[in-house]
Amino acid sequence: MEVSSNLRSTPGRVVRLLILEDNALDVELALAHLERAGFEVQASVAATKQEYFDFLKTGEFDVILSDYALPDFDGATALKMAKATHPRVPFIVVSGRLGEEIAIDTLHLGATDYVLKQRIERLVPAVKRALAEAEEHAIRLRAEARARESEDRFKQLTNNLPQMVWTTDNYGNITYANDAWKRAMPENVKHWRDPSILHPDDLNRCVDAAVAAGRTREPFSMECRYLNRTDGVYHWSLLRAVPFESSEGAPAWLGTATDLHEQKLREESLRTAEKLAVTGRMAAAIAHEINNPLESLMNLVFLLQTDQHMDPGSRKYLDMAEQELERVSAIVRKTLQYYREPETVSQVDALELFVGVIHMFQGRLRGKQIEINANVPEPVAFTAISGEIRQVVVNLVANAIDAVETEGKINLNARTIMQQGAAGQGSRAMAELTITDDGVGITREQAEQLFQPFFSTKGAHGTGLGLWVSKGIMEKSGGTLKLETREQDGKSLTVATVLLPSEVTNTAEERQQSVA
């Protein structure tokens, strides 16, 4: 049986009741009290166990009102049946005979409240309280579900990142770590700056940075070395930490560590290659300079040895001098062999060159979140020793990466221009390559010394030989290298310009296929 009332306690809301009662007058009395209190009720009334069971199987209810003593079963059984099918629905026992012991037992079994029929006026506040508690519980469940969903998304996202990600309390104790952290760090590590995982030389710097950031609640970043358990080697990492509030409102930190190990190895390889190239050039230059006076000395010794009037003692000393000069000459020849410049000249495609160099620096570009673009709208080619020109572009791009801040921009452009030649020679086609960055720029004083050997704007991080070597390569290739700072749209841009004799021999279609 279903009964409806036209009054409501909350505008627009209908309270769905399941009433287990075999006395129709008691049902009417209960509904009358609720109606006078302003409830709009939709009631399903069951008088038997089967009717009650059928309603539980098919209906949805906000509150269940149940008599305790029924002909074919009791309120305790009705409560158990309700908890099995509708565990979140408030269950209120309404009975004429309910001793204190039975009332307590029903509450222990999960009843929300109990009301004596002799004091039926208590039904209204009991229903109101039950509905309020149920709504509060539903809100809490929804909030917990949203929190779990958000946490699951966060875990799924961070576990798919190559970087180590963790959260800590305000004291640095780890509260969450992603899979990358778990793979790299020992299981017993509970703190992001644990001395067992940080390089001893970096520990104090990390502690100082964390203490300073804790006072200001400002993000911080730094490079440090973590001991990676997969290979037992300290890996350079770019560490970043940002503050946030935990779900309990407590101060907390989110940390990330981007592995720079491969990038550092590549950088070291590039520096080593640069130093070796410079050493070879210097050795060749010095050996060449020594060779000229050495030949003169050997010629003089030869002339003295032909003198017929020289006494035997003096000739003996000349022979010894000749032997020593031969030894010096052998050393010079070996030194010249140390650096042999390649003479193989080939056609170089500007776009292929740019793509290869960008690929080489992918790690550093990602680490500093640098946006780099190569713009070669038309085929640009030139004839040169490809390895040497590649060395020039690598050096210029490396300098640009060092100069720009995080999230900076670098643009690589290439085009063919016509350059006026010397008097009477007309104009000639030139390949113009430019590397532009929005970094710190070049001062006038620096510009005057840029191409001097051993001058560097990078302090201890630079050799001061890269631009000197690059300029030498360009001069040998018949080209030029120029660096300048320009003002554009209110920003300072550093522009490195490489000019080389151009020679275009393939079509745009062939060029795109070769790059692919």
# chains A, B, ... in the order shown; residues from 1 in each chain; ligands from 1
$ select_by_dssp --residues "segment 158-341 of chain A" --states "alpha helix (DSSP H)" --output "PDB file with C-alpha atoms, in the first residue's frame"
ATOM      1  CA  THR A 158      52.899  10.965 -11.471  1.00  0.00           C
ATOM      2  CA  ASN A 159      53.567   7.254 -11.975  1.00  0.00           C
ATOM      3  CA  ASP A 179      57.136   4.725  -9.020  1.00  0.00           C
ATOM      4  CA  ALA A 180      60.228   6.503 -10.403  1.00  0.00           C
ATOM      5  CA  TRP A 181      61.284   7.380  -6.844  1.00  0.00           C
ATOM      6  CA  LYS A 182      60.637   3.833  -5.636  1.00  0.00           C
ATOM      7  CA  ARG A 183      62.742   2.383  -8.469  1.00  0.00           C
ATOM      8  CA  ALA A 184      65.695   4.683  -7.782  1.00  0.00           C
ATOM      9  CA  PRO A 200      77.910  14.661   0.774  1.00  0.00           C
ATOM     10  CA  ASP A 201      78.963  17.802  -1.097  1.00  0.00           C
ATOM     11  CA  ASP A 202      75.313  18.676  -1.830  1.00  0.00           C
ATOM     12  CA  LEU A 203      73.743  17.884   1.551  1.00  0.00           C
ATOM     13  CA  ASN A 204      74.378  21.240   3.242  1.00  0.00           C
ATOM     14  CA  ARG A 205      73.204  23.168   0.169  1.00  0.00           C
ATOM     15  CA  CYS A 206      69.940  21.206   0.151  1.00  0.00           C
ATOM     16  CA  VAL A 207      69.403  21.735   3.873  1.00  0.00           C
ATOM     17  CA  ASP A 208      70.045  25.479   3.590  1.00  0.00           C
ATOM     18  CA  ALA A 209      67.695  25.792   0.589  1.00  0.00           C
ATOM     19  CA  ALA A 210      64.948  23.838   2.371  1.00  0.00           C
ATOM     20  CA  VAL A 211      65.256  25.888   5.579  1.00  0.00           C
ATOM     21  CA  ALA A 212      65.148  29.189   3.666  1.00  0.00           C
ATOM     22  CA  ALA A 213      62.144  28.047   1.615  1.00  0.00           C
ATOM     23  CA  GLY A 214      60.386  26.826   4.772  1.00  0.00           C
ATOM     24  CA  ARG A 215      60.565  30.326   6.242  1.00  0.00           C
ATOM     25  CA  THR A 216      59.260  32.090   3.132  1.00  0.00           C
ATOM     26  CA  HIS A 261      72.836  12.145 -15.644  1.00  0.00           C
ATOM     27  CA  GLU A 262      72.832  11.493 -19.409  1.00  0.00           C
ATOM     28  CA  GLN A 263      72.770  15.208 -20.115  1.00  0.00           C
ATOM     29  CA  LYS A 264      75.815  15.783 -17.902  1.00  0.00           C
ATOM     30  CA  LEU A 265      77.652  12.918 -19.625  1.00  0.00           C
ATOM     31  CA  ARG A 266      76.896  14.415 -23.044  1.00  0.00           C
ATOM     32  CA  GLU A 267      78.003  17.840 -21.879  1.00  0.00           C
ATOM     33  CA  GLU A 268      81.231  16.398 -20.539  1.00  0.00           C
ATOM     34  CA  SER A 269      81.788  14.566 -23.838  1.00  0.00           C
ATOM     35  CA  LEU A 270      81.226  17.796 -25.738  1.00  0.00           C
ATOM     36  CA  ARG A 271      83.652  19.663 -23.473  1.00  0.00           C
ATOM     37  CA  THR A 272      86.222  16.901 -23.840  1.00  0.00           C
ATOM     38  CA  ALA A 273      85.864  16.898 -27.623  1.00  0.00           C
ATOM     39  CA  GLU A 274      86.207  20.669 -27.667  1.00  0.00           C
ATOM     40  CA  LYS A 275      89.321  20.571 -25.481  1.00  0.00           C
ATOM     41  CA  LEU A 276      90.863  17.840 -27.622  1.00  0.00           C
ATOM     42  CA  ALA A 277      90.154  19.774 -30.797  1.00  0.00           C
ATOM     43  CA  VAL A 278      91.633  22.945 -29.339  1.00  0.00           C
ATOM     44  CA  THR A 279      94.656  21.058 -27.987  1.00  0.00           C
ATOM     45  CA  GLY A 280      95.243  19.548 -31.396  1.00  0.00           C
ATOM     46  CA  ARG A 281      95.002  22.924 -33.114  1.00  0.00           C
ATOM     47  CA  MET A 282      97.373  24.504 -30.629  1.00  0.00           C
ATOM     48  CA  ALA A 283      99.810  21.594 -30.934  1.00  0.00           C
ATOM     49  CA  ALA A 284      99.734  21.831 -34.713  1.00  0.00           C
ATOM     50  CA  ALA A 285     100.282  25.598 -34.619  1.00  0.00           C
ATOM     51  CA  ILE A 286     103.178  25.330 -32.174  1.00  0.00           C
ATOM     52  CA  ALA A 287     104.776  22.440 -34.074  1.00  0.00           C
ATOM     53  CA  HIS A 288     104.475  24.348 -37.306  1.00  0.00           C
ATOM     54  CA  GLU A 289     106.174  27.388 -35.793  1.00  0.00           C
ATOM     55  CA  ILE A 290     108.988  25.249 -34.348  1.00  0.00           C
ATOM     56  CA  ASN A 291     109.514  23.418 -37.639  1.00  0.00           C
ATOM     57  CA  ASN A 292     110.676  26.503 -39.558  1.00  0.00           C
ATOM     58  CA  PRO A 293     113.622  27.506 -37.320  1.00  0.00           C
ATOM     59  CA  LEU A 294     114.385  23.807 -36.844  1.00  0.00           C
ATOM     60  CA  GLU A 295     114.925  23.363 -40.557  1.00  0.00           C
ATOM     61  CA  SER A 296     117.163  26.424 -40.571  1.00  0.00           C
ATOM     62  CA  LEU A 297     119.290  24.989 -37.761  1.00  0.00           C
ATOM     63  CA  MET A 298     119.649  21.667 -39.544  1.00  0.00           C
ATOM     64  CA  ASN A 299     120.720  23.460 -42.727  1.00  0.00           C
ATOM     65  CA  LEU A 300     123.322  25.425 -40.789  1.00  0.00           C
ATOM     66  CA  VAL A 301     124.684  22.244 -39.236  1.00  0.00           C
ATOM     67  CA  PHE A 302     124.907  20.692 -42.682  1.00  0.00           C
ATOM     68  CA  LEU A 303     126.851  23.675 -44.012  1.00  0.00           C
ATOM     69  CA  LEU A 304     129.275  23.564 -41.079  1.00  0.00           C
ATOM     70  CA  GLN A 305     129.846  19.845 -41.626  1.00  0.00           C
ATOM     71  CA  PRO A 312     137.829  16.583 -35.653  1.00  0.00           C
ATOM     72  CA  GLY A 313     136.753  17.667 -32.151  1.00  0.00           C
ATOM     73  CA  SER A 314     134.417  20.353 -33.464  1.00  0.00           C
ATOM     74  CA  ARG A 315     133.014  17.953 -36.073  1.00  0.00           C
ATOM     75  CA  LYS A 316     132.192  15.518 -33.303  1.00  0.00           C
ATOM     76  CA  TYR A 317     130.117  18.173 -31.561  1.00  0.00           C
ATOM     77  CA  LEU A 318     128.370  19.015 -34.824  1.00  0.00           C
ATOM     78  CA  ASP A 319     127.451  15.364 -35.270  1.00  0.00           C
ATOM     79  CA  MET A 320     125.998  15.295 -31.742  1.00  0.00           C
ATOM     80  CA  ALA A 321     124.030  18.505 -32.466  1.00  0.00           C
ATOM     81  CA  GLU A 322     122.674  16.942 -35.674  1.00  0.00           C
ATOM     82  CA  GLN A 323     121.472  13.888 -33.750  1.00  0.00           C
ATOM     83  CA  GLU A 324     119.677  16.066 -31.190  1.00  0.00           C
ATOM     84  CA  LEU A 325     118.094  18.160 -33.938  1.00  0.00           C
ATOM     85  CA  GLU A 326     116.898  14.977 -35.638  1.00  0.00           C
ATOM     86  CA  ARG A 327     115.310  13.952 -32.339  1.00  0.00           C
ATOM     87  CA  VAL A 328     113.562  17.307 -32.031  1.00  0.00           C
ATOM     88  CA  SER A 329     112.377  16.989 -35.633  1.00  0.00           C
ATOM     89  CA  ALA A 330     110.871  13.576 -34.854  1.00  0.00           C
ATOM     90  CA  ILE A 331     108.992  15.059 -31.895  1.00  0.00           C
ATOM     91  CA  VAL A 332     107.626  17.853 -34.123  1.00  0.00           C
ATOM     92  CA  ARG A 333     106.446  15.328 -36.736  1.00  0.00           C
ATOM     93  CA  LYS A 334     104.616  13.323 -34.062  1.00  0.00           C
ATOM     94  CA  THR A 335     103.000  16.503 -32.767  1.00  0.00           C
ATOM     95  CA  LEU A 336     101.792  17.416 -36.234  1.00  0.00           C
ATOM     96  CA  GLN A 337     100.302  13.929 -36.577  1.00  0.00           C
ATOM     97  CA  TYR A 338      98.352  14.489 -33.345  1.00  0.00           C
TER      98      TYR A 338
END
$ atom_distance --atom1 "atom CA of Val380 of chain A" --atom2 "atom CA of Ser502 of chain A"
7.4 Å
$ closest_residue --among "A:Val15, A:Ala138, A:Leu123, A:Ala350" --to "Gln42 of chain A" --atoms "only C-alpha atoms"
A:Val15
$ closest_residue --among "A:Pro90, A:Gly387, A:Gly255, A:Gly249" --to "Trp166 of chain A" --atoms "only C-alpha atoms"
A:Gly255
$ residues_around --residues "Ile174 of chain A" --least-positions-apart "5" --cutoff "9 Å" --atoms "only C-alpha atoms" --output "ChimeraX atom specification"
/A:166-169,189-192
$ write_last_selection --atoms "all heavy atoms" --output "compact mmCIF listing (two decimals), in the first residue's frame"
# COMPACT_ATOMS: atom_id res chain seq x y z
N TRP A 166 57.45 13.40 -5.37
CA TRP A 166 57.10 13.03 -4.01
C TRP A 166 56.41 14.20 -3.32
O TRP A 166 56.50 15.35 -3.76
CB TRP A 166 58.34 12.62 -3.22
CG TRP A 166 59.35 13.71 -3.02
CD1 TRP A 166 59.42 14.60 -2.00
CD2 TRP A 166 60.43 14.03 -3.90
NE1 TRP A 166 60.48 15.46 -2.16
CE2 TRP A 166 61.12 15.13 -3.32
CE3 TRP A 166 60.91 13.50 -5.09
CZ2 TRP A 166 62.24 15.70 -3.91
CZ3 TRP A 166 62.01 14.07 -5.68
CH2 TRP A 166 62.67 15.15 -5.09
N THR A 167 55.69 13.93 -2.25
CA THR A 167 55.12 14.95 -1.39
C THR A 167 55.65 14.72 0.02
O THR A 167 55.93 13.59 0.41
CB THR A 167 53.59 14.92 -1.38
OG1 THR A 167 53.13 13.64 -0.91
CG2 THR A 167 53.03 15.17 -2.77
N THR A 168 55.81 15.82 0.76
CA THR A 168 56.31 15.72 2.12
C THR A 168 55.49 16.61 3.04
O THR A 168 54.76 17.50 2.57
CB THR A 168 57.78 16.16 2.21
OG1 THR A 168 57.85 17.60 2.08
CG2 THR A 168 58.63 15.53 1.13
N ASP A 169 55.63 16.38 4.34
CA ASP A 169 55.09 17.34 5.29
C ASP A 169 56.04 18.52 5.36
O ASP A 169 57.03 18.60 4.62
CB ASP A 169 54.88 16.68 6.66
CG ASP A 169 56.17 16.13 7.27
OD1 ASP A 169 57.26 16.56 6.84
OD2 ASP A 169 56.08 15.28 8.17
N VAL A 189 64.14 4.85 2.85
CA VAL A 189 64.34 6.30 2.84
C VAL A 189 63.00 6.99 3.09
O VAL A 189 62.04 6.77 2.37
CB VAL A 189 64.93 6.77 1.50
CG1 VAL A 189 64.95 8.29 1.42
CG2 VAL A 189 66.34 6.22 1.34
N LYS A 190 62.96 7.83 4.14
CA LYS A 190 61.72 8.49 4.53
C LYS A 190 61.80 10.01 4.41
O LYS A 190 60.85 10.70 4.78
CB LYS A 190 61.37 8.13 5.98
CG LYS A 190 61.24 6.63 6.24
CD LYS A 190 60.16 5.99 5.39
CE LYS A 190 60.03 4.49 5.68
NZ LYS A 190 59.04 3.83 4.79
N HIS A 191 62.93 10.51 3.91
CA HIS A 191 63.13 11.96 3.84
C HIS A 191 63.82 12.30 2.52
O HIS A 191 64.73 11.60 2.09
CB HIS A 191 63.99 12.43 5.01
CG HIS A 191 63.84 13.88 5.34
ND1 HIS A 191 64.32 14.89 4.53
CD2 HIS A 191 63.24 14.50 6.39
CE1 HIS A 191 64.05 16.06 5.07
NE2 HIS A 191 63.39 15.86 6.20
N TRP A 192 63.38 13.39 1.86
CA TRP A 192 63.91 13.69 0.52
C TRP A 192 65.38 14.11 0.56
O TRP A 192 66.07 14.00 -0.45
CB TRP A 192 63.08 14.77 -0.17
CG TRP A 192 63.24 16.17 0.37
CD1 TRP A 192 62.48 16.77 1.33
CD2 TRP A 192 64.21 17.14 -0.03
NE1 TRP A 192 62.91 18.05 1.56
CE2 TRP A 192 63.97 18.31 0.73
CE3 TRP A 192 65.26 17.15 -0.95
CZ2 TRP A 192 64.73 19.46 0.61
CZ3 TRP A 192 66.01 18.31 -1.08
CH2 TRP A 192 65.76 19.44 -0.31
$ residues_around --residues "Val165 of chain A" --least-positions-apart "3" --cutoff "6 Å" --atoms "only C-alpha atoms" --output "list in words"
Ala177, Asn178, Gly255 and Thr256 of chain A
$ write_last_selection --atoms "N, CA, C and O atoms" --output "PDB file, in the first residue's frame"
ATOM      1  N   ALA A 177      55.370   8.922  -2.703  1.00  0.00           N
ATOM      2  CA  ALA A 177      56.447   8.883  -3.701  1.00  0.00           C
ATOM      3  C   ALA A 177      55.964   8.075  -4.897  1.00  0.00           C
ATOM      4  O   ALA A 177      55.307   7.044  -4.736  1.00  0.00           O
ATOM      5  N   ASN A 178      56.283   8.549  -6.109  1.00  0.00           N
ATOM      6  CA  ASN A 178      55.828   7.838  -7.302  1.00  0.00           C
ATOM      7  C   ASN A 178      56.745   6.661  -7.627  1.00  0.00           C
ATOM      8  O   ASN A 178      57.737   6.407  -6.947  1.00  0.00           O
ATOM      9  N   GLY A 255      57.639  17.822  -4.444  1.00  0.00           N
ATOM     10  CA  GLY A 255      58.981  17.859  -5.008  1.00  0.00           C
ATOM     11  C   GLY A 255      59.101  17.011  -6.258  1.00  0.00           C
ATOM     12  O   GLY A 255      58.415  15.995  -6.404  1.00  0.00           O
ATOM     13  N   THR A 256      59.958  17.450  -7.177  1.00  0.00           N
ATOM     14  CA  THR A 256      60.268  16.665  -8.378  1.00  0.00           C
ATOM     15  C   THR A 256      61.781  16.685  -8.585  1.00  0.00           C
ATOM     16  O   THR A 256      62.459  17.651  -8.222  1.00  0.00           O
TER      17      THR A 256
END
$ residues_around --residues "Gly59 of chain A" --least-positions-apart "6" --cutoff "12 Å" --atoms "only C-alpha atoms" --output "JSON, numbers by chain"
{"A": [2, 16, 17, 18, 42, 43, 44, 45, 51, 52, 53, 82, 85, 86, 89]}
$ select_by_dssp --residues "segment 45-95 of chain A" --states "strand (DSSP E)" --output "list in words"
Val45, Ala46, Val63, Ile64, Leu65, Ser66, Phe91, Ile92, Val93, Val94 and Ser95 of chain A
$ residues_around --residues "Thr485 of chain A" --least-positions-apart "6" --cutoff "7 Å" --atoms "only C-alpha atoms" --output "list in words"
Gly441, Ile442, Ser492, Leu493, Thr494 and Val495 of chain A
$ write_last_selection --atoms "C-alpha atoms" --output "tab-separated table (two decimals), in the first residue's frame"
chain	number	residue	atom	x	y	z
A	441	GLY	CA	72.79	39.14	-23.80
A	442	ILE	CA	76.32	40.37	-24.52
A	492	SER	CA	67.22	41.82	-25.71
A	493	LEU	CA	68.03	39.08	-28.21
A	494	THR	CA	71.48	37.61	-28.75
A	495	VAL	CA	72.04	36.76	-32.42
$ decode --residues "segment 357-384 of chain A" --atoms "N, CA and C atoms" --output "PDB file, in the first residue's frame"
ATOM      1  N   VAL A 357      71.574  18.804 -34.505  1.00  0.00           N
ATOM      2  CA  VAL A 357      72.068  19.519 -33.318  1.00  0.00           C
ATOM      3  C   VAL A 357      70.985  19.588 -32.247  1.00  0.00           C
ATOM      4  N   ILE A 358      69.739  19.884 -32.639  1.00  0.00           N
ATOM      5  CA  ILE A 358      68.639  19.942 -31.665  1.00  0.00           C
ATOM      6  C   ILE A 358      68.473  18.602 -30.982  1.00  0.00           C
ATOM      7  N   HIS A 359      68.560  17.522 -31.746  1.00  0.00           N
ATOM      8  CA  HIS A 359      68.429  16.187 -31.163  1.00  0.00           C
ATOM      9  C   HIS A 359      69.521  15.943 -30.121  1.00  0.00           C
ATOM     10  N   MET A 360      70.721  16.418 -30.381  1.00  0.00           N
ATOM     11  CA  MET A 360      71.832  16.220 -29.451  1.00  0.00           C
ATOM     12  C   MET A 360      71.559  16.873 -28.095  1.00  0.00           C
ATOM     13  N   PHE A 361      70.839  18.005 -28.100  1.00  0.00           N
ATOM     14  CA  PHE A 361      70.627  18.761 -26.867  1.00  0.00           C
ATOM     15  C   PHE A 361      69.238  18.545 -26.262  1.00  0.00           C
ATOM     16  N   GLN A 362      68.515  17.480 -26.652  1.00  0.00           N
ATOM     17  CA  GLN A 362      67.158  17.285 -26.163  1.00  0.00           C
ATOM     18  C   GLN A 362      67.081  17.272 -24.644  1.00  0.00           C
ATOM     19  N   GLY A 363      68.019  16.586 -23.987  1.00  0.00           N
ATOM     20  CA  GLY A 363      67.985  16.497 -22.528  1.00  0.00           C
ATOM     21  C   GLY A 363      68.085  17.861 -21.867  1.00  0.00           C
ATOM     22  N   ARG A 364      69.063  18.672 -22.289  1.00  0.00           N
ATOM     23  CA  ARG A 364      69.216  19.997 -21.694  1.00  0.00           C
ATOM     24  C   ARG A 364      68.033  20.892 -22.003  1.00  0.00           C
ATOM     25  N   LEU A 365      67.487  20.787 -23.200  1.00  0.00           N
ATOM     26  CA  LEU A 365      66.337  21.613 -23.576  1.00  0.00           C
ATOM     27  C   LEU A 365      65.129  21.284 -22.716  1.00  0.00           C
ATOM     28  N   ARG A 366      64.896  19.968 -22.488  1.00  0.00           N
ATOM     29  CA  ARG A 366      63.770  19.579 -21.629  1.00  0.00           C
ATOM     30  C   ARG A 366      64.019  20.000 -20.194  1.00  0.00           C
ATOM     31  N   GLY A 367      65.257  19.843 -19.733  1.00  0.00           N
ATOM     32  CA  GLY A 367      65.557  20.180 -18.348  1.00  0.00           C
ATOM     33  C   GLY A 367      65.269  21.639 -18.029  1.00  0.00           C
ATOM     34  N   LYS A 368      65.558  22.558 -18.969  1.00  0.00           N
ATOM     35  CA  LYS A 368      65.305  23.978 -18.741  1.00  0.00           C
ATOM     36  C   LYS A 368      64.002  24.439 -19.383  1.00  0.00           C
ATOM     37  N   GLN A 369      63.215  23.490 -19.935  1.00  0.00           N
ATOM     38  CA  GLN A 369      61.924  23.800 -20.565  1.00  0.00           C
ATOM     39  C   GLN A 369      62.085  24.895 -21.626  1.00  0.00           C
ATOM     40  N   ILE A 370      63.123  24.730 -22.443  1.00  0.00           N
ATOM     41  CA  ILE A 370      63.411  25.725 -23.475  1.00  0.00           C
ATOM     42  C   ILE A 370      62.636  25.385 -24.744  1.00  0.00           C
ATOM     43  N   GLU A 371      62.029  26.387 -25.342  1.00  0.00           N
ATOM     44  CA  GLU A 371      61.352  26.216 -26.630  1.00  0.00           C
ATOM     45  C   GLU A 371      62.361  26.524 -27.739  1.00  0.00           C
ATOM     46  N   ILE A 372      62.609  25.553 -28.608  1.00  0.00           N
ATOM     47  CA  ILE A 372      63.568  25.746 -29.697  1.00  0.00           C
ATOM     48  C   ILE A 372      62.869  25.449 -31.019  1.00  0.00           C
ATOM     49  N   ASN A 373      63.101  26.299 -32.001  1.00  0.00           N
ATOM     50  CA  ASN A 373      62.455  26.158 -33.305  1.00  0.00           C
ATOM     51  C   ASN A 373      63.506  26.297 -34.405  1.00  0.00           C
ATOM     52  N   ALA A 374      63.386  25.431 -35.411  1.00  0.00           N
ATOM     53  CA  ALA A 374      64.238  25.514 -36.605  1.00  0.00           C
ATOM     54  C   ALA A 374      63.365  25.958 -37.769  1.00  0.00           C
ATOM     55  N   ASN A 375      63.705  27.068 -38.377  1.00  0.00           N
ATOM     56  CA  ASN A 375      62.910  27.635 -39.454  1.00  0.00           C
ATOM     57  C   ASN A 375      63.774  27.730 -40.713  1.00  0.00           C
ATOM     58  N   VAL A 376      63.515  26.813 -41.658  1.00  0.00           N
ATOM     59  CA  VAL A 376      64.234  26.816 -42.939  1.00  0.00           C
ATOM     60  C   VAL A 376      63.171  26.648 -44.026  1.00  0.00           C
ATOM     61  N   PRO A 377      62.478  27.726 -44.402  1.00  0.00           N
ATOM     62  CA  PRO A 377      61.342  27.603 -45.327  1.00  0.00           C
ATOM     63  C   PRO A 377      61.729  27.161 -46.731  1.00  0.00           C
ATOM     64  N   GLU A 378      62.955  27.499 -47.166  1.00  0.00           N
ATOM     65  CA  GLU A 378      63.420  27.125 -48.503  1.00  0.00           C
ATOM     66  C   GLU A 378      64.732  26.358 -48.376  1.00  0.00           C
ATOM     67  N   PRO A 379      65.062  25.521 -49.376  1.00  0.00           N
ATOM     68  CA  PRO A 379      66.320  24.763 -49.296  1.00  0.00           C
ATOM     69  C   PRO A 379      67.526  25.684 -49.150  1.00  0.00           C
ATOM     70  N   VAL A 380      68.357  25.399 -48.158  1.00  0.00           N
ATOM     71  CA  VAL A 380      69.600  26.146 -47.943  1.00  0.00           C
ATOM     72  C   VAL A 380      70.714  25.127 -47.805  1.00  0.00           C
ATOM     73  N   ALA A 381      71.713  25.193 -48.722  1.00  0.00           N
ATOM     74  CA  ALA A 381      72.823  24.252 -48.684  1.00  0.00           C
ATOM     75  C   ALA A 381      74.119  24.997 -48.943  1.00  0.00           C
ATOM     76  N   PHE A 382      75.202  24.419 -48.487  1.00  0.00           N
ATOM     77  CA  PHE A 382      76.517  25.022 -48.688  1.00  0.00           C
ATOM     78  C   PHE A 382      77.560  23.907 -48.680  1.00  0.00           C
ATOM     79  N   THR A 383      78.702  24.188 -49.273  1.00  0.00           N
ATOM     80  CA  THR A 383      79.786  23.213 -49.347  1.00  0.00           C
ATOM     81  C   THR A 383      80.832  23.535 -48.294  1.00  0.00           C
ATOM     82  N   ALA A 384      81.100  22.545 -47.418  1.00  0.00           N
ATOM     83  CA  ALA A 384      82.059  22.760 -46.334  1.00  0.00           C
ATOM     84  C   ALA A 384      82.436  21.408 -45.751  1.00  0.00           C
TER      85      ALA A 384
END
